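Input: a single structure, listed below in structure tokens.
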Amino acid sequence: MGIERADGAYGGFYMRDGYFFQGMLERMKAVNESGKRAFLFGITMENHQPFEPQKFNYECQIPLVAPDFTPAQRDIIRVMLEGITRADQALGELTAALRESEEPTIVVFFGDHRPNLFMPGGDTVYTLLGLCPENDTLNWRSEQINDLYSTDYLIWANDPALLGDLAGSRRDSSITALGPQLLELTGRPVSRYWALLEKVGEVCLTQTDLYFVDGEGKASFSREEADLSPEALELLELRDAVVYDAVYGKRYITEKMNLPPGT
């Protein structure tokens, strides 16, 4: 990207979060100066596996106290801790720069999954901490799967007024449910597709091969086990049909789903 940073472009095995965010800031500035509104989606990798002890040259900015873990296990945990620290510092750089910007800006920061922190011997840090019974999810409760497959997310704005009544709040959500929420916050029109997903978010936050989470955040193993109403099941079937048509089908209705609701 041609960016000059004292710490360089790469950290560990991947591009530094700070370097990547600096590139996004420059891209956003160029788009805004052209008179357009910028929507940027980026995936950072600095804190991605593998979590080998030498990944960050054995550096860890925050002391680790874990007497119940072996030295080899602590080495792996330190790598994860250093990655989290660097991600936090990069996010701080990003928001500090945006505070100085006159362009109204909203940032959504989230992780797509928790790391697979395998320890020497085959256990994970989660089994060793007693958060789940074993590595294989076969004997897990649905609540355990929901907990360990969920991550926190952050919606931040350089002007708190952009967040309205949501400022300072905390809620269960999902990538599907965040879409309509962000369109509302940014004043963008909501299409039929996003209006559909907004309704889906009322009855289903997450649905995977492993588990299902309803609109209230309650986990079960499937939509059938969740004991949803016939109307809710019909809504999910409609969502499935729309997504299938757009991704795998003939796109009979995809164009119409991009129209405003009610048209």
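Residue names in the structure tokens use chain letters A, B, ... in the order shown, residue numbers from 1 in each chain, and ligand numbers from 1 in the order shown.
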Q) Taking the backbone alone, and naming residues the way the document does, which bits of region 82-224 of chain A are strand (DSSP E) by DSSP, as a count of residues only? A) 16
Q. Hey, what's within 9 Å of Leu25 (chain A) if we count only C-alpha atoms and toss same-chain stuff fewer than 5 positions away? As a ChimeraX atom specification, please?
A. /A:20,30,94,97-98
Could you write out that same residue set with N, CA and C atoms as a PDB file, in the first residue's frame?
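Produced file again-v9.pdb, reproduced below:
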```pdb
ATOM      1  N   PHE A  20      -2.770  -2.006   8.277  1.00  0.00           N
ATOM      2  CA  PHE A  20      -3.988  -2.190   7.501  1.00  0.00           C
ATOM      3  C   PHE A  20      -4.974  -1.049   7.744  1.00  0.00           C
ATOM      4  N   ALA A  30      -9.661   9.441   0.524  1.00  0.00           N
ATOM      5  CA  ALA A  30      -9.722   9.641  -0.924  1.00  0.00           C
ATOM      6  C   ALA A  30     -11.161   9.570  -1.429  1.00  0.00           C
ATOM      7  N   LEU A  94      -6.932   3.802  15.120  1.00  0.00           N
ATOM      8  CA  LEU A  94      -7.982   4.086  14.143  1.00  0.00           C
ATOM      9  C   LEU A  94      -8.997   5.071  14.702  1.00  0.00           C
ATOM     10  N   ALA A  97      -7.640   8.633  15.140  1.00  0.00           N
ATOM     11  CA  ALA A  97      -7.578   9.377  13.881  1.00  0.00           C
ATOM     12  C   ALA A  97      -8.963   9.844  13.446  1.00  0.00           C
ATOM     13  N   LEU A  98      -9.968   8.987  13.631  1.00  0.00           N
ATOM     14  CA  LEU A  98     -11.319   9.340  13.202  1.00  0.00           C
ATOM     15  C   LEU A  98     -11.933  10.425  14.078  1.00  0.00           C
TER      16      LEU A  98
END
```
(Q) Just the number, please: distance in Å from CA of Pro50 (chain A) to CA of Gly122 (chain A), one decimal. (A) 14.4 Å
Q.
Neighbouring residues of region 45-47 of chain A were defined as those with any atom within 12 Å, considering only C-alpha atoms; residues of the same chain fewer than 2 positions away were excluded. Please report them as a ChimeraX atom specification.
A. /A:9-21,42-43,49-52,55-56,78-88,90,111-117
Would you export the selected residues with C-alpha atoms as an mmCIF file, in the first residue's frame, please?
```
data_model
loop_
_atom_site.group_PDB
_atom_site.id
_atom_site.type_symbol
_atom_site.label_atom_id
_atom_site.label_comp_id
_atom_site.auth_asym_id
_atom_site.auth_seq_id
_atom_site.Cartn_x
_atom_site.Cartn_y
_atom_site.Cartn_z
ATOM 1 C CA ALA A 9 4.003 -3.709 7.375
ATOM 2 C CA TYR A 10 4.114 -7.167 8.927
ATOM 3 C CA GLY A 11 3.779 -8.475 12.463
ATOM 4 C CA GLY A 12 4.025 -12.153 13.281
ATOM 5 C CA PHE A 13 3.102 -13.999 10.087
ATOM 6 C CA TYR A 14 0.667 -11.465 8.639
ATOM 7 C CA MET A 15 0.119 -7.767 7.913
ATOM 8 C CA ARG A 16 -0.114 -5.624 11.028
ATOM 9 C CA ASP A 17 -3.568 -4.435 12.024
ATOM 10 C CA GLY A 18 -2.172 -0.924 12.470
ATOM 11 C CA TYR A 19 -0.730 -0.900 8.949
ATOM 12 C CA PHE A 20 -3.988 -2.190 7.501
ATOM 13 C CA PHE A 21 -6.097 0.407 9.351
ATOM 14 C CA GLY A 42 -11.690 -5.113 5.964
ATOM 15 C CA ILE A 43 -10.415 -8.375 7.426
ATOM 16 C CA GLN A 49 -3.400 -18.738 13.977
ATOM 17 C CA PRO A 50 -0.931 -20.416 14.044
ATOM 18 C CA PHE A 51 -0.078 -19.454 17.617
ATOM 19 C CA GLU A 52 3.497 -20.663 17.612
ATOM 20 C CA LYS A 55 5.277 -15.756 16.244
ATOM 21 C CA PHE A 56 5.894 -12.343 17.809
ATOM 22 C CA ARG A 78 1.316 -15.257 25.522
ATOM 23 C CA VAL A 79 1.171 -15.266 21.728
ATOM 24 C CA MET A 80 -2.605 -14.897 21.828
ATOM 25 C CA LEU A 81 -2.380 -12.195 24.494
ATOM 26 C CA GLU A 82 0.140 -10.218 22.445
ATOM 27 C CA GLY A 83 -2.086 -10.508 19.370
ATOM 28 C CA ILE A 84 -5.073 -9.175 21.308
ATOM 29 C CA THR A 85 -2.932 -6.306 22.624
ATOM 30 C CA ARG A 86 -1.798 -5.346 19.135
ATOM 31 C CA ALA A 87 -5.355 -5.483 17.801
ATOM 32 C CA ASP A 88 -6.514 -3.244 20.652
ATOM 33 C CA ALA A 90 -4.469 -0.652 16.302
ATOM 34 C CA GLY A 111 -14.266 -11.174 15.331
ATOM 35 C CA ASP A 112 -15.743 -14.032 13.350
ATOM 36 C CA HIS A 113 -14.776 -16.754 15.836
ATOM 37 C CA ARG A 114 -12.666 -17.479 18.897
ATOM 38 C CA PRO A 115 -9.185 -18.851 18.233
ATOM 39 C CA ASN A 116 -8.402 -22.558 18.189
ATOM 40 C CA LEU A 117 -5.899 -22.420 21.015
#
```
Q: Considering only C-alpha atoms, return as a list of chain:residue names whatever protein or nucleic-acid residues lie within 10 Å of Glu225 (chain A), sequence-local ones (same chain, fewer than 6 positions apart) excluded.
A: A:Tyr211, A:Phe212, A:Ala219
Please save C-alpha atoms of the selected residues as a PDB file, in the first residue's frame.
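The result, written out as selection-v4.pdb:
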```pdb
ATOM      1  CA  TYR A 211     -26.692 -24.882  16.940  1.00  0.00           C
ATOM      2  CA  PHE A 212     -29.545 -22.404  16.648  1.00  0.00           C
ATOM      3  CA  ALA A 219     -29.627 -21.509  22.242  1.00  0.00           C
TER       4      ALA A 219
END
```
Q: Give me the residues within 12 Å of Asp123 (chain A) as a ChimeraX atom specification, counting only C-alpha atoms and dropping any in the same chain fewer than 2 places off.
A: /A:69,73,116-121,125-130,132-136
Q: Find the residues near region 140-142 of chain A: any atom within 6 Å, counting only C-alpha atoms, skip ones fewer than 2 places away on the same chain, and give them as a ChimeraX atom specification.
A: /A:137-138,144-145,219-221
Q: Name the residues of region 201-241 of chain A that come out as alpha helix (DSSP H) in a backbone DSSP run; write them as a list in words.
A: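 In region 201-241 of chain A, DSSP puts these residues in alpha helix (DSSP H): Pro230, Glu231, Ala232, Leu233, Glu234, Leu235, Leu236, Glu237, Leu238, Arg239, Asp240 and Ala241 of chain A.
Distances here use only C-alpha atoms; by that measure, the residue among A:Ser101, A:Thr176, A:Asn139, A:Ser191 closest to Asn158 (chain A) is A:Ser101.
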**Q.** Contacts of Ala157 (chain A) within 9 Å, only C-alpha atoms, excl. fewer than 5 positions in-chain, as a ChimeraX atom specification
**A.** /A:95,98-99,104-108,162-163
Q. Given the choices A:Asp7, A:Leu182, A:Val203, A:Gln61, which gets closest to Pro230 (chain A) if the distance is worked out from only C-alpha atoms?
A. A:Val203
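Among A:Asp68, A:Asp75, A:Glu59, A:Glu143, the residue with the shortest atom-to-atom distance to Leu210 (chain A), counting only C-alpha atoms, is A:Glu143.
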Q. Taking only C-alpha atoms into account, which of A:Leu64, A:Leu233, A:Leu185, A:Leu166 comes nearest Glu202 (chain A)?
A.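 The closest residue to Glu202 (chain A) is A:Leu233.
Taking CA of Val243 (chain A) as the reference point, CA of Leu259 (chain A) is found at 15.7 Å.
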Q: Check the smallest atom-to-atom distance from each of A:Tyr252, A:Phe39, A:Trp194, A:Tyr149 to Thr206 (chain A) using only C-alpha atoms, then report the winner.
A: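 Of all the options, A:Tyr149 lies closest to Thr206 (chain A).
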